[in-house]
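work06.txt (compact mmCIF, C-alpha atoms and all ligand atoms)
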# COMPACT_ATOMS: atom_id res chain seq x y z
CA MET A 11 -144.85 14.18 -141.81
CA GLN A 12 -143.24 16.95 -139.84
CA SER A 13 -144.82 15.70 -136.57
CA LEU A 14 -143.62 12.13 -137.30
CA LYS A 15 -140.06 13.43 -137.63
CA VAL A 16 -140.32 15.29 -134.33
CA THR A 17 -141.73 12.16 -132.66
CA ILE A 18 -138.81 10.03 -133.96
CA ILE A 19 -136.23 12.58 -132.84
CA LEU A 20 -137.84 12.91 -129.41
CA GLY A 21 -138.05 9.11 -129.14
CA LEU A 22 -134.37 8.69 -129.96
CA PHE A 23 -133.45 11.41 -127.47
CA PHE A 24 -135.51 9.68 -124.77
CA LEU A 25 -133.80 6.33 -125.51
CA PHE A 26 -130.38 7.98 -125.35
CA SER A 27 -131.26 9.57 -122.02
CA LEU A 28 -132.34 6.23 -120.59
CA VAL A 29 -129.08 4.53 -121.62
CA SER A 30 -127.03 7.37 -120.15
CA LEU A 31 -128.92 7.17 -116.89
CA ALA A 32 -128.47 3.39 -116.73
CA LEU A 33 -124.74 3.81 -117.18
CA PHE A 34 -124.55 6.49 -114.53
CA PHE A 35 -126.41 4.51 -111.91
CA ASN A 36 -124.95 1.24 -110.78
CA LEU A 37 -126.89 -1.96 -110.14
CA ASP A 38 -127.67 -1.06 -106.55
CA GLY A 39 -129.53 1.98 -107.72
CA GLU A 40 -127.00 4.35 -106.19
CA ALA A 41 -125.41 7.07 -108.19
CA ASP A 42 -121.86 6.12 -109.03
CA PHE A 43 -119.57 9.06 -108.45
CA SER A 44 -116.43 6.98 -108.25
CA SER A 45 -115.19 7.98 -111.66
CA LEU A 46 -115.78 11.62 -110.81
CA ALA A 47 -113.89 11.17 -107.59
CA SER A 48 -110.88 9.60 -109.21
CA ARG A 49 -110.86 12.16 -111.97
CA SER A 50 -110.82 15.01 -109.51
CA THR A 51 -107.19 14.35 -108.62
CA ASP A 52 -106.02 13.25 -112.04
CA GLY A 53 -104.99 16.77 -112.84
CA LYS A 54 -102.05 16.43 -110.49
CA LYS A 55 -100.99 13.02 -111.67
CA GLY A 56 -97.46 12.70 -112.95
CA LYS A 57 -96.29 15.43 -110.59
CA SER A 58 -96.03 14.71 -106.91
CA GLY A 59 -99.53 13.41 -106.26
CA ILE A 60 -101.54 14.87 -103.44
CA ARG A 61 -102.56 13.88 -99.98
CA GLU A 62 -105.42 15.67 -98.36
CA ILE A 63 -107.55 15.34 -95.33
CA GLU A 64 -110.82 13.91 -96.41
CA LYS A 65 -113.65 16.12 -97.47
CA SER A 66 -115.08 16.80 -94.08
CA GLU A 67 -116.40 19.78 -92.26
CA VAL A 68 -117.68 20.62 -88.85
CA ILE A 69 -121.41 19.94 -88.85
CA SER A 70 -122.10 21.90 -85.71
CA LYS A 71 -120.00 23.46 -83.02
CA GLN A 72 -120.63 24.28 -79.41
CA ASP A 73 -118.66 25.71 -76.52
CA LYS A 74 -120.40 23.59 -73.94
CA VAL A 75 -121.89 20.18 -74.14
CA GLU A 76 -125.10 18.94 -72.68
CA ASN A 77 -124.70 17.67 -69.18
CA GLU A 78 -125.79 14.07 -69.06
CA PRO A 79 -124.03 12.18 -66.31
CA SER A 80 -122.70 8.81 -67.32
CA ALA A 81 -122.68 5.75 -65.15
CA LEU A 82 -119.10 5.11 -66.09
CA PHE A 83 -117.48 8.46 -66.68
CA ASN A 84 -118.80 11.89 -65.82
CA ASP A 85 -117.94 13.58 -69.09
CA PRO A 86 -120.99 15.61 -70.10
CA ALA A 87 -121.20 14.65 -73.76
CA ILE A 88 -120.59 10.97 -73.42
CA LYS A 89 -124.25 10.19 -74.01
CA GLN A 90 -124.07 11.96 -77.35
CA ALA A 91 -121.39 9.60 -78.48
CA TRP A 92 -123.39 6.88 -80.18
CA GLY A 93 -120.20 5.41 -81.59
CA LEU A 94 -118.97 4.54 -78.12
CA LYS A 95 -122.13 2.56 -77.46
CA LYS A 96 -122.11 0.81 -80.81
CA SER A 97 -118.53 -0.24 -80.43
CA ASP A 98 -119.09 -1.48 -76.90
CA ALA A 99 -116.77 1.00 -75.17
CA ALA A 100 -118.37 0.81 -71.74
CA ARG A 101 -117.49 -2.84 -71.33
CA ALA A 102 -114.10 -2.42 -72.91
CA TRP A 103 -113.26 0.24 -70.32
CA LYS A 104 -113.90 -2.32 -67.59
CA VAL A 105 -110.89 -4.14 -68.99
CA THR A 106 -108.60 -1.16 -69.67
CA HIS A 107 -108.59 2.62 -70.14
CA GLY A 108 -105.47 2.48 -72.26
CA SER A 109 -101.99 3.54 -71.20
CA LYS A 110 -99.71 6.55 -71.46
CA ASN A 111 -97.03 4.09 -72.54
CA VAL A 112 -98.78 3.69 -75.87
CA VAL A 113 -97.66 6.40 -78.28
CA VAL A 114 -99.95 7.20 -81.20
CA ALA A 115 -98.80 9.47 -83.99
CA VAL A 116 -101.73 11.52 -85.26
CA ILE A 117 -100.65 12.69 -88.71
CA ASP A 118 -103.21 15.37 -89.52
CA THR A 119 -103.88 19.13 -89.45
CA GLY A 120 -102.29 19.76 -86.07
CA ILE A 121 -104.06 20.21 -82.77
CA ASP A 122 -105.07 22.72 -80.15
CA ILE A 123 -102.41 21.77 -77.61
CA ASN A 124 -104.24 23.72 -74.90
CA HIS A 125 -107.58 21.99 -75.34
CA GLU A 126 -109.00 21.21 -71.90
CA ASP A 127 -109.94 17.67 -72.87
CA ILE A 128 -106.78 16.58 -74.68
CA LYS A 129 -103.79 18.40 -73.21
CA SER A 130 -103.19 15.81 -70.50
CA ASN A 131 -102.82 13.07 -73.12
CA LEU A 132 -100.24 14.70 -75.35
CA TRP A 133 -96.97 12.88 -75.94
CA LYS A 134 -93.90 14.78 -74.83
CA ASN A 135 -90.55 14.22 -76.47
CA PRO A 136 -88.30 13.22 -73.57
CA GLY A 137 -85.30 14.72 -75.40
CA GLU A 138 -86.94 18.14 -75.52
CA THR A 139 -88.27 18.32 -71.97
CA GLY A 140 -86.58 19.37 -68.75
CA LEU A 141 -83.80 21.89 -68.36
CA ASP A 142 -80.66 22.22 -70.45
CA LYS A 143 -77.18 22.83 -68.98
CA ASN A 144 -77.91 26.56 -68.84
CA GLY A 145 -81.06 26.01 -66.84
CA LYS A 146 -83.35 26.81 -69.74
CA ASP A 147 -86.42 24.84 -70.70
CA LYS A 148 -85.43 22.44 -73.49
CA ALA A 149 -88.90 22.77 -74.99
CA SER A 150 -88.32 26.43 -75.81
CA ASN A 151 -84.56 27.04 -75.78
CA GLY A 152 -84.28 27.13 -79.57
CA ILE A 153 -81.89 24.18 -79.53
CA ASP A 154 -82.35 20.74 -81.03
CA ASP A 155 -81.52 19.09 -77.72
CA ASP A 156 -82.07 15.50 -78.81
CA LYS A 157 -80.36 16.13 -82.17
CA ASN A 158 -83.15 14.52 -84.15
CA GLY A 159 -83.11 17.32 -86.71
CA TYR A 160 -86.03 19.29 -85.25
CA VAL A 161 -85.75 22.23 -82.88
CA ASP A 162 -87.98 22.17 -79.79
CA ASP A 163 -90.21 19.40 -81.12
CA VAL A 164 -91.78 18.77 -77.78
CA TYR A 165 -95.27 17.59 -78.84
CA GLY A 166 -94.42 16.64 -82.41
CA TRP A 167 -93.64 18.57 -85.58
CA ASN A 168 -95.29 20.72 -88.22
CA PHE A 169 -94.00 19.63 -91.63
CA VAL A 170 -96.06 22.24 -93.47
CA GLY A 171 -94.27 25.16 -91.87
CA SER A 172 -91.13 23.34 -90.66
CA THR A 173 -91.81 24.51 -87.13
CA ASN A 174 -92.94 23.17 -83.77
CA ASP A 175 -96.13 25.26 -84.00
CA LEU A 176 -98.91 22.68 -84.23
CA THR A 177 -101.83 25.13 -84.49
CA ASP A 178 -104.82 23.44 -86.08
CA ASN A 179 -106.32 25.81 -88.67
CA HIS A 180 -108.94 23.32 -89.77
CA GLY A 181 -110.26 21.44 -86.74
CA HIS A 182 -109.87 18.01 -88.30
CA GLY A 183 -106.74 17.05 -86.38
CA THR A 184 -108.12 18.19 -83.04
CA HIS A 185 -111.31 16.22 -83.73
CA ILE A 186 -109.40 13.04 -84.60
CA ALA A 187 -107.12 13.35 -81.58
CA GLY A 188 -110.15 13.70 -79.29
CA ILE A 189 -111.83 10.59 -80.65
CA ILE A 190 -108.70 8.60 -79.99
CA GLY A 191 -107.74 10.01 -76.64
CA ALA A 192 -109.80 12.76 -75.01
CA GLU A 193 -109.49 12.57 -71.26
CA ALA A 194 -112.27 10.72 -69.46
CA GLY A 195 -113.76 11.42 -66.08
CA ASN A 196 -112.66 15.07 -65.92
CA GLN A 197 -116.21 16.41 -66.06
CA LYS A 198 -115.40 18.07 -69.36
CA GLY A 199 -116.42 17.36 -72.91
CA ILE A 200 -116.18 13.84 -74.18
CA SER A 201 -114.21 10.67 -73.62
CA GLY A 202 -111.79 9.27 -76.14
CA ILE A 203 -111.87 5.59 -77.06
CA SER A 204 -108.64 5.28 -75.13
CA PRO A 205 -108.82 7.89 -72.35
CA GLU A 206 -105.22 7.17 -71.41
CA VAL A 207 -102.70 7.49 -74.23
CA SER A 208 -99.81 9.61 -75.48
CA LEU A 209 -100.70 11.53 -78.64
CA MET A 210 -97.75 12.53 -80.82
CA ILE A 211 -98.97 15.33 -83.06
CA ILE A 212 -97.56 15.57 -86.58
CA LYS A 213 -98.94 18.17 -88.94
CA TYR A 214 -98.85 17.46 -92.67
CA TYR A 215 -101.73 19.60 -93.88
CA ASP A 216 -102.87 23.18 -93.38
CA PRO A 217 -105.81 24.63 -95.34
CA LYS A 218 -104.32 28.10 -94.97
CA VAL A 219 -101.06 27.19 -96.67
CA THR A 220 -101.09 26.71 -100.42
CA ASN A 221 -98.29 25.49 -102.68
CA THR A 222 -97.17 22.89 -100.22
CA ASP A 223 -96.43 19.28 -101.09
CA ASN A 224 -98.84 17.32 -98.90
CA LEU A 225 -97.56 13.98 -100.09
CA LYS A 226 -93.99 14.88 -99.18
CA ASN A 227 -95.20 16.23 -95.83
CA THR A 228 -97.01 12.93 -95.27
CA ILE A 229 -93.89 10.90 -95.99
CA ASN A 230 -91.80 13.09 -93.69
CA SER A 231 -94.48 12.74 -91.02
CA ILE A 232 -94.44 8.95 -91.23
CA ASN A 233 -90.65 8.90 -90.97
CA TYR A 234 -90.78 11.22 -87.96
CA ALA A 235 -93.29 8.93 -86.24
CA ILE A 236 -91.01 5.94 -86.82
CA LYS A 237 -87.92 7.81 -85.64
CA MET A 238 -89.59 9.06 -82.48
CA GLY A 239 -90.99 5.70 -81.41
CA ALA A 240 -94.71 5.80 -82.17
CA GLN A 241 -96.29 2.37 -81.92
CA ILE A 242 -99.43 3.22 -83.85
CA ILE A 243 -99.93 5.73 -86.67
CA ASN A 244 -103.33 7.27 -87.42
CA TYR A 245 -103.64 8.68 -90.93
CA SER A 246 -107.08 10.05 -91.75
CA GLY A 247 -106.36 11.24 -95.23
CA GLY A 248 -105.06 10.11 -98.57
CA GLY A 249 -105.23 10.40 -102.31
CA THR A 250 -105.71 8.33 -105.43
CA ASP A 251 -102.09 8.48 -106.60
CA TYR A 252 -99.73 5.64 -105.76
CA SER A 253 -96.43 6.85 -104.35
CA GLN A 254 -93.43 4.56 -104.15
CA GLU A 255 -91.82 6.81 -101.57
CA GLU A 256 -94.88 6.78 -99.35
CA PHE A 257 -95.14 3.01 -99.79
CA GLU A 258 -91.53 2.67 -98.61
CA ALA A 259 -92.23 4.85 -95.57
CA VAL A 260 -95.22 2.73 -94.49
CA LYS A 261 -93.15 -0.39 -95.19
CA LYS A 262 -90.44 0.95 -92.92
CA ALA A 263 -93.13 1.36 -90.23
CA GLU A 264 -94.08 -2.27 -90.85
CA LYS A 265 -90.45 -3.35 -90.33
CA ASN A 266 -90.48 -1.45 -87.05
CA GLY A 267 -93.61 -3.23 -85.82
CA ILE A 268 -95.80 -0.16 -86.15
CA LEU A 269 -99.50 -0.44 -86.91
CA PHE A 270 -100.76 1.96 -89.59
CA VAL A 271 -104.47 2.75 -89.36
CA ALA A 272 -105.68 4.47 -92.52
CA ALA A 273 -108.93 5.98 -93.74
CA ALA A 274 -110.58 4.18 -96.65
CA GLY A 275 -111.56 7.58 -98.03
CA ASN A 276 -114.73 9.56 -98.72
CA GLU A 277 -114.73 9.19 -102.50
CA ARG A 278 -117.96 7.15 -102.70
CA SER A 279 -116.04 4.55 -104.63
CA ASN A 280 -115.16 0.89 -104.65
CA SER A 281 -111.54 0.82 -103.54
CA ASP A 282 -111.04 -2.59 -105.12
CA GLN A 283 -111.31 -0.78 -108.45
CA PHE A 284 -110.27 2.76 -107.64
CA HIS A 285 -107.46 2.62 -105.15
CA TYR A 286 -106.99 5.13 -102.36
CA TYR A 287 -103.60 5.52 -100.72
CA PRO A 288 -102.04 4.92 -98.29
CA ALA A 289 -104.98 2.73 -97.17
CA ASP A 290 -104.63 0.40 -100.18
CA TYR A 291 -100.91 -0.35 -100.17
CA LYS A 292 -100.38 -4.07 -99.95
CA LEU A 293 -98.65 -4.04 -96.58
CA THR A 294 -99.46 -6.20 -93.59
CA ASN A 295 -99.40 -3.39 -91.02
CA ILE A 296 -102.24 -1.38 -92.56
CA ILE A 297 -105.83 -1.47 -91.37
CA SER A 298 -108.15 0.25 -93.83
CA VAL A 299 -111.28 1.63 -92.18
CA THR A 300 -114.60 2.69 -93.62
CA ALA A 301 -117.40 4.58 -91.87
CA MET A 302 -120.83 3.40 -90.81
CA ASP A 303 -123.98 4.98 -89.40
CA PRO A 304 -125.84 3.90 -86.23
CA SER A 305 -127.64 1.19 -88.24
CA LYS A 306 -124.24 -0.22 -89.13
CA ASP A 307 -124.66 0.62 -92.79
CA VAL A 308 -121.59 1.95 -94.57
CA LEU A 309 -122.10 5.63 -95.39
CA SER A 310 -122.90 6.38 -99.03
CA THR A 311 -119.97 8.80 -99.05
CA SER A 312 -117.47 6.21 -97.80
CA ASN A 313 -115.20 4.03 -99.89
CA PHE A 314 -115.76 0.31 -99.64
CA GLY A 315 -114.25 -2.89 -100.97
CA THR A 316 -114.36 -6.56 -100.07
CA GLU A 317 -110.66 -6.90 -100.90
CA THR A 318 -109.23 -3.56 -99.80
CA VAL A 319 -111.33 -2.23 -96.92
CA ASP A 320 -110.85 -4.17 -93.70
CA ILE A 321 -113.46 -3.05 -91.22
CA ALA A 322 -116.22 -0.53 -90.52
CA ALA A 323 -116.41 1.76 -87.52
CA PRO A 324 -118.65 4.65 -86.40
CA GLY A 325 -118.21 7.66 -88.68
CA GLN A 326 -121.45 9.62 -88.89
CA ASN A 327 -122.13 12.67 -86.70
CA ILE A 328 -119.32 11.88 -84.32
CA ILE A 329 -118.84 14.32 -81.47
CA SER A 330 -115.31 15.25 -80.52
CA THR A 331 -113.00 18.09 -79.57
CA LEU A 332 -112.44 21.21 -81.68
CA PRO A 333 -109.93 24.05 -81.29
CA GLY A 334 -110.69 26.66 -78.64
CA ASN A 335 -112.03 24.33 -75.95
CA SER A 336 -115.07 23.60 -78.07
CA TYR A 337 -116.76 20.48 -79.37
CA GLY A 338 -118.58 19.51 -82.51
CA PHE A 339 -119.78 16.82 -84.85
CA MET A 340 -118.03 15.56 -87.97
CA THR A 341 -118.66 12.75 -90.44
CA GLY A 342 -116.37 10.56 -92.52
CA THR A 343 -113.97 7.64 -92.66
CA SER A 344 -111.48 9.86 -90.80
CA GLN A 345 -113.59 9.60 -87.69
CA ALA A 346 -114.02 5.84 -88.15
CA THR A 347 -110.27 5.48 -88.50
CA ALA A 348 -109.74 7.22 -85.17
CA PHE A 349 -112.10 4.72 -83.55
CA VAL A 350 -109.96 1.82 -84.76
CA THR A 351 -106.79 3.57 -83.65
CA GLY A 352 -108.34 4.00 -80.20
CA ALA A 353 -109.13 0.29 -80.20
CA ALA A 354 -105.54 -0.50 -81.11
CA VAL A 355 -104.35 1.58 -78.15
CA LEU A 356 -106.58 -0.36 -75.79
CA VAL A 357 -105.30 -3.68 -77.14
CA LYS A 358 -101.69 -2.53 -76.95
CA ALA A 359 -102.19 -1.23 -73.40
CA ASN A 360 -103.60 -4.58 -72.46
CA LYS A 361 -100.83 -6.53 -74.18
CA PRO A 362 -97.72 -4.32 -74.26
CA ASP A 363 -95.65 -6.93 -76.08
CA PHE A 364 -97.95 -6.93 -79.09
CA LYS A 365 -96.67 -5.76 -82.44
CA PHE A 366 -98.93 -4.68 -85.26
CA ASP A 367 -99.79 -8.18 -86.40
CA ASP A 368 -101.24 -9.23 -83.06
CA ILE A 369 -103.14 -5.98 -82.60
CA LYS A 370 -104.53 -6.26 -86.10
CA LYS A 371 -105.59 -9.84 -85.50
CA TYR A 372 -107.38 -8.92 -82.28
CA ILE A 373 -109.30 -6.13 -83.96
CA LEU A 374 -110.14 -7.75 -87.29
CA SER A 375 -110.95 -11.25 -86.13
CA THR A 376 -113.45 -10.06 -83.54
CA GLY A 377 -115.97 -7.29 -84.21
CA ASP A 378 -119.63 -7.70 -85.01
CA ALA A 379 -120.39 -9.49 -88.26
CA SER A 380 -123.19 -8.23 -90.44
CA PRO A 381 -124.56 -9.29 -93.84
CA THR A 382 -124.57 -5.70 -95.12
CA LEU A 383 -120.94 -5.21 -94.16
CA ALA A 384 -120.10 -8.42 -96.02
CA LEU A 385 -120.79 -6.55 -99.23
CA LYS A 386 -118.55 -3.63 -98.30
CA THR A 387 -115.64 -4.90 -96.21
CA ARG A 388 -113.12 -7.71 -96.22
CA THR A 389 -113.99 -8.96 -92.74
CA SER A 390 -117.77 -8.29 -92.86
CA ARG A 391 -117.37 -6.73 -89.44
CA SER A 392 -117.75 -3.54 -87.49
CA LEU A 393 -115.47 -2.59 -84.65
CA ASN A 394 -116.26 -3.99 -81.22
CA LEU A 395 -113.83 -2.67 -78.61
CA PHE A 396 -114.76 -5.14 -75.96
CA LYS A 397 -114.38 -8.18 -78.18
CA ALA A 398 -111.10 -6.85 -79.52
CA LEU A 399 -109.81 -6.89 -75.97
CA THR A 400 -111.20 -10.25 -75.10
CA ILE A 401 -110.24 -12.49 -77.98
CA LEU A 402 -110.32 -15.37 -75.74
CA ASP A 403 -108.36 -18.01 -74.11
CA GLN A 404 -111.22 -20.01 -72.67
CA GLY A 405 -113.20 -17.08 -71.44
CA MET A 406 -110.24 -15.19 -70.09
CA SER A 407 -109.49 -11.82 -71.57
CA ALA A 408 -106.00 -10.69 -72.39
CA ASN A 409 -105.36 -9.20 -68.95
CA GLY A 410 -106.92 -12.03 -67.04
CA VAL A 411 -110.37 -10.57 -66.53
CA THR A 412 -113.06 -13.19 -66.84
CA VAL A 413 -115.50 -12.03 -69.44
CA THR A 414 -118.94 -11.32 -68.11
CA GLY A 415 -122.12 -11.24 -70.07
CA PRO A 416 -124.38 -10.78 -71.69
CA VAL A 417 -122.39 -10.46 -74.87
CA HIS A 418 -125.49 -9.66 -76.89
CA ASP A 419 -126.08 -6.28 -75.32
CA GLU A 420 -128.58 -3.76 -76.59
CA PHE A 421 -126.07 -2.11 -78.86
CA SER A 422 -124.47 -4.90 -80.77
CA THR A 423 -127.27 -7.21 -81.77
CA THR A 424 -130.31 -5.09 -82.35
CA THR A 425 -132.55 -6.09 -85.21
CA LYS A 426 -133.52 -3.36 -87.59
CA GLY A 427 -136.28 -3.92 -90.09
CA ASN A 428 -135.90 -7.38 -91.54
CA ARG A 429 -132.13 -7.26 -91.35
CA GLU A 430 -130.65 -9.43 -88.67
CA LEU A 431 -127.11 -9.14 -87.49
CA THR A 432 -125.42 -12.46 -87.37
CA GLN A 433 -123.30 -13.62 -84.50
CA ASN A 434 -119.85 -14.55 -85.69
CA PRO A 435 -118.21 -17.79 -84.55
CA PHE A 436 -116.01 -15.90 -82.12
CA GLY A 437 -119.07 -14.27 -80.63
CA LYS A 438 -120.58 -17.68 -80.01
CA SER A 439 -117.59 -18.99 -78.14
CA LEU A 440 -117.45 -15.76 -76.19
CA MET A 441 -121.09 -16.22 -75.30
CA GLU A 442 -120.45 -19.72 -74.06
CA ALA A 443 -117.52 -18.49 -72.03
CA VAL A 444 -119.48 -15.80 -70.27
CA GLN A 445 -122.19 -18.13 -69.16
CA LYS A 446 -119.73 -19.63 -66.74
CA SER A 447 -119.37 -16.49 -64.70
CA ASN A 448 -121.28 -13.33 -63.96
CA ASN A 449 -118.70 -11.52 -61.86
CA PRO A 450 -115.58 -9.89 -63.21
CA LYS A 451 -112.53 -11.27 -61.48
CA ARG A 452 -108.83 -11.29 -62.04
CA LEU A 453 -106.45 -14.15 -62.18
CA GLY A 454 -104.78 -14.44 -58.83
CA ASP A 455 -107.70 -13.02 -56.90
CA LYS A 456 -108.01 -14.83 -53.60
CA LYS A 457 -111.69 -15.51 -53.96
CA ASP A 458 -111.34 -16.67 -57.52
CA ASN A 459 -113.92 -19.38 -57.17
CA GLN A 460 -116.68 -16.98 -56.25
CA THR A 461 -119.44 -16.87 -58.81
CA GLN A 462 -123.07 -16.06 -58.62
CA CA A 501 -85.35 17.90 -81.43
CA CA A 502 -84.95 22.46 -77.41
CA CA A 503 -113.50 14.52 -71.00

What is this file in structure tokens?
Ligand SMILES: [Ca+2]
Ligand SMILES: [Ca+2]
Ligand SMILES: [Ca+2]
Amino acid sequence: MQSLKVTIILGLFFLFSLVSLALFFNLDGEADFSSLASRSTDGKKGKSGIREIEKSEVISKQDKVENEPSALFNDPAIKQAWGLKKSDAARAWKVTHGSKNVVVAVIDTGIDINHEDIKSNLWKNPGETGLDKNGKDKASNGIDDDKNGYVDDVYGWNFVGSTNDLTDNHGHGTHIAGIIGAEAGNQKGISGISPEVSLMIIKYYDPKVTNTDNLKNTINSINYAIKMGAQIINYSGGGTDYSQEEFEAVKKAEKNGILFVAAAGNERSNSDQFHYYPADYKLTNIISVTAMDPSKDVLSTSNFGTETVDIAAPGQNIISTLPGNSYGFMTGTSQATAFVTGAAVLVKANKPDFKFDDIKKYILSTGDASPTLALKTRTSRSLNLFKALTILDQGMSANGVTVTGPVHDEFSTTTKGNRELTQNPFGKSLMEAVQKSNNPKRLGDKKDNQTQ
């Protein structure tokens, strides 16, 4: 009798355990941590909300990078950058390397302004450079020369400490800046997606400073970027709390024609159900980016959503710059976001008249379609830099370069296991276009009828 009782109790306990497990795991068999993720910030709800850089850390760090000469650029670590290959950077760079006229606001943890591989691509506030009437350097004269409310804001502003000191105490901001715009061809480090660009550095987060309002710093940062003429904003952070003030700031950027590239977040959750901001504000100038691995699968740590997340880009083990002239690998939707920002710079450099809507169209309507991404993103696509530049007018890219093939290179259409990547309709027309010519040529070239 006693043993029957024990058996019944054990049986009931087993049944209860099974039901609990079934509830915890979703239909795909993956553990569902989304509720945990959203709960983690609930404690601050009702106050000011929080904005943080995504959970990300440096995976490994090195002072020097392996010397592998590239056919295109001579930066040592370029071969380690799988994301550049997957997103078709080599062919994109045949069209453009970007332009210093394109100003990107990197709203993050600051930057190492002396980094050997980024310093040449930093934006400089024209109102805080040169000499003042007393012959002193405007960048360091202690005067708000351009009267924008910030003293000596030559490379940007630090809203955590209300100073022009942009020191990166985390590494995240330096890493993001390098992905977007590290200098190419200087025989050092890596190459950014857009090796020519002007990076405006705005610091909203510092792990060493507590009791600071990151959401307010974010809003101030966005407003600074608008005021100072950024054309693209990169925001690799966020939080689960909606903020009307932040929404208004991004909307103001929209009114000013500014593209806002935002991380989908590393909360492991479905953003269609559990929103992540600012990526999920319903505004037309936002591109929400999730992260994928070399097999073009969205990372298990990344947020996804067929309504809220626009596109996937490389985000696993991405090599980039770190403070102190060093380099290292990081993972997350932050890194993927920087890839898309870099793409936006290339498109803008190629078509200077473009506002956010055109840039967004070029990036989101091209890319490489994939059945697995169809379950995780709105466009079913991963970033393809080359296609984003060559959304076509009968085989002619935006700057008049005839597209040359093959389009289906070794990086974009590999077959892995039994999963085939599908060619999107745009890809097909691009393919047809390239078959007409094998030589790159420009409109207006004298020998424009020369083909082989
Ligand atoms: Ca100033
Ligand atoms: Ca000054
Ligand atoms: Ca370099």

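Straight-line separation from CA of Glu256 in chain A to atom CA of ligand CA 502 (chain A): 28.7 Å.
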
Query raised in the report: If I put a ball of radius 9 Å at (-104.4, 15.5, -96.3) in the file's coordinates, which residues poke into it when counting all atoms listed in the file, written as a list in words?
Result: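 So the residues meeting the distance criterion are Ile60, Arg61, Glu62, Ile63, Glu64, Ile117, Asp118, Thr119, Tyr214, Tyr215, Asp216, Asn224, Leu225, Thr228, Tyr245, Ser246, Gly247, Gly248 and Gly249 of chain A.
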
Query raised in the report: Can you tell me which residues sit at most 6 Å away from ligand CA 503 (chain A), counting all atoms listed in the file, written as a list in words?
Result: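 Here is the list of contacting residues: Asp85, Asp127, Ala192, Glu193, Ala194, Gly195, Asn196, Gln197, Lys198, Gly199, Ile200 and Ser201 of chain A.
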
Query raised in the report: Pick the closest to Ala87 in chain A from A:Ala240, A:Ala100, A:Ile329, A:Val116: which is it, counting only C-alpha atoms?
Result: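 For Ala87 in chain A, the nearest of the given residues is A:Ile329.
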
Requested in this report: Using CA of Asn280 in chain A and CA of Ser97 in chain A as the two end points, give the distance in Å to one decimal.
Outcome: 24.5 Å

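Of the listed residues A:Ser392, A:Asn135, A:Asn295, A:Thr331, the one whose atoms come nearest to Ala235 in chain A is A:Asn135, with distances taken using all atoms listed in the file.
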
Query raised in the report: Could you name the residues that touch Ile211 in chain A at 8 Å or less, counting all atoms listed in the file, but leaving out those on the same chain fewer than 2 positions away, as JSON, numbers by chain?
Result: {"A": [115, 116, 117, 118, 120, 121, 132, 133, 165, 166, 167, 176, 209, 213]}

Requested in this report: Kindly work out which residues sit at most 12 Å from ligand CA 501 (chain A), using all atoms listed in the file, and give the list as a PyMOL selection string.
Outcome: chain A and resi 134-139+148-167+173-174+234+237-238

Query - Gap from CA of Arg388 in chain A to CA of Gly315 in chain A - Å, one decimal - result: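 Separation of CA of Arg388 in chain A and CA of Gly315 in chain A: 6.9 Å.
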